file coords_12.json (JSON, C-alpha atoms)
[["chain", "number", "residue", "atom", "x", "y", "z"],
["L", 1, "MET", "CA", 78.45, -37.76, 42.79],
["L", 2, "PRO", "CA", 79.96, -41.25, 43.12],
["L", 3, "LEU", "CA", 79.91, -42.93, 46.51],
["L", 4, "GLN", "CA", 83.56, -43.98, 46.22],
["L", 5, "GLY", "CA", 86.56, -43.56, 44.00],
["L", 6, "PRO", "CA", 87.04, -45.86, 41.03],
["L", 7, "PRO", "CA", 88.49, -49.32, 41.81],
["L", 8, "GLU", "CA", 91.42, -48.59, 39.48],
["L", 9, "LEU", "CA", 92.77, -46.17, 42.11],
["L", 10, "ARG", "CA", 92.94, -49.01, 44.65],
["L", 11, "THR", "CA", 94.79, -51.36, 42.31],
["L", 12, "PRO", "CA", 98.56, -51.58, 42.99],
["L", 13, "LEU", "CA", 100.78, -51.15, 39.94],
["L", 14, "TRP", "CA", 104.24, -52.35, 38.92],
["L", 15, "GLN", "CA", 104.04, -55.71, 40.71],
["L", 16, "GLY", "CA", 102.67, -54.05, 43.84],
["L", 17, "ARG", "CA", 105.47, -51.49, 44.16],
["L", 18, "LEU", "CA", 103.20, -48.48, 43.49],
["L", 19, "VAL", "CA", 100.21, -48.13, 45.82],
["L", 20, "TRP", "CA", 97.92, -45.11, 45.72],
["L", 21, "ALA", "CA", 96.54, -43.89, 49.04],
["L", 22, "GLY", "CA", 94.18, -40.99, 49.63],
["L", 23, "ALA", "CA", 90.58, -40.09, 50.31],
["L", 24, "GLU", "CA", 89.72, -40.70, 46.65],
["L", 25, "THR", "CA", 90.74, -44.37, 46.95],
["L", 26, "ALA", "CA", 88.53, -45.11, 49.97],
["L", 27, "THR", "CA", 85.61, -47.48, 49.76],
["L", 28, "GLY", "CA", 83.66, -45.94, 52.65],
["L", 29, "GLU", "CA", 84.06, -42.20, 53.20],
["L", 30, "TRP", "CA", 85.16, -41.21, 49.71],
["L", 31, "GLY", "CA", 86.66, -37.73, 49.51],
["L", 32, "ARG", "CA", 86.58, -37.13, 53.27],
["L", 33, "LEU", "CA", 89.13, -37.22, 56.08],
["L", 34, "ASN", "CA", 87.81, -40.56, 57.35],
["L", 35, "GLY", "CA", 88.33, -41.95, 53.84],
["L", 36, "ALA", "CA", 91.93, -40.76, 53.82],
["L", 37, "VAL", "CA", 92.54, -42.53, 57.14],
["L", 38, "GLU", "CA", 90.84, -45.69, 55.81],
["L", 39, "ALA", "CA", 92.94, -45.66, 52.64],
["L", 40, "GLY", "CA", 96.16, -44.91, 54.51],
["L", 41, "THR", "CA", 95.58, -47.78, 56.90],
["L", 42, "ARG", "CA", 94.75, -50.18, 54.07],
["L", 43, "ASP", "CA", 97.70, -49.20, 51.91],
["L", 44, "ALA", "CA", 100.20, -49.03, 54.78],
["L", 45, "GLY", "CA", 99.31, -52.65, 55.53],
["L", 46, "GLN", "CA", 99.92, -53.55, 51.90],
["L", 47, "VAL", "CA", 103.30, -51.82, 51.84],
["L", 48, "LEU", "CA", 104.42, -53.34, 55.15],
["L", 49, "ALA", "CA", 103.32, -56.78, 54.01],
["L", 50, "GLY", "CA", 105.24, -56.23, 50.76],
["L", 51, "THR", "CA", 102.43, -57.78, 48.78],
["L", 52, "GLY", "CA", 100.65, -54.87, 47.13],
["L", 53, "SER", "CA", 97.43, -56.87, 47.41],
["L", 54, "ASN", "CA", 94.31, -56.18, 49.45],
["L", 55, "ALA", "CA", 94.98, -57.77, 52.82]]

call {"tool": "encode", "arguments": {"input": "coords_12.json", "output": "structure tokens"}}
result
Amino acid sequence: MPLQGPPELRTPLWQGRLVWAGAETATGEWGRLNGAVEAGTRDAGQVLAGTGSNA
């Protein structure tokens, strides 16, 4: 079982307008509730910043 989801799931698409968030995109607690919170926090920051990049 992988320790985290593939990096492709964390890569924003369409010039940063499409950002995937979910437990499967986490780098720490992959597939768990803590991972979903981690991913949501990360991707919400990207959306609010309007960059679509890892901030």

call {"tool": "atom_distance", "arguments": {"input": "coords_12.json", "atom1": "atom CA of L:Gly22", "atom2": "atom CA of L:Ala39"}}
result
5.7 Å

call {"tool": "closest_residue", "arguments": {"input": "coords_12.json", "among": "L:Pro6, L:Trp20, L:Pro12, L:Thr25", "to": "L:Glu38", "atoms": "all atoms listed in the file"}}
result
L:Thr25

call {"tool": "residues_around", "arguments": {"input": "coords_12.json", "residues": "L:Gly35", "least_positions_apart": "2", "cutoff": "10 Å", "atoms": "all atoms listed in the file", "output": "list in words"}}
result
Gln4, Ala21, Gly22, Ala23, Glu24, Thr25, Ala26, Thr27, Gly28, Glu29, Trp30, Gly31, Arg32, Leu33, Val37, Glu38, Ala39, Gly40 and Thr41 of chain L

call {"tool": "atom_distance", "arguments": {"input": "coords_12.json", "atom1": "atom CA of L:Arg10", "atom2": "atom CA of L:Gln46"}}
result
11.0 Å

call {"tool": "residues_around", "arguments": {"input": "coords_12.json", "residues": "L:Val19", "least_positions_apart": "3", "cutoff": "8 Å", "atoms": "all atoms listed in the file", "output": "PDB file with C-alpha atoms, keeping the file's coordinate frame"}}
result
ATOM      1  CA  ARG L  10      92.940 -49.010  44.650  1.00  0.00           C
ATOM      2  CA  THR L  11      94.790 -51.360  42.310  1.00  0.00           C
ATOM      3  CA  PRO L  12      98.560 -51.580  42.990  1.00  0.00           C
ATOM      4  CA  LEU L  13     100.780 -51.150  39.940  1.00  0.00           C
ATOM      5  CA  GLY L  16     102.670 -54.050  43.840  1.00  0.00           C
ATOM      6  CA  ASP L  43      97.700 -49.200  51.910  1.00  0.00           C
ATOM      7  CA  VAL L  47     103.300 -51.820  51.840  1.00  0.00           C
ATOM      8  CA  GLY L  52     100.650 -54.870  47.130  1.00  0.00           C
TER       9      GLY L  52
END

call {"tool": "axis_aligned_box", "arguments": {"input": "coords_12.json", "around": "stretch 35-47 of chain L", "padding_each_side": "4 Å", "output": "JSON"}}
result
{"center_x": 95.8, "center_y": -47.2, "center_z": 54.5, "size_x": 23.0, "size_y": 20.8, "size_z": 13.3}
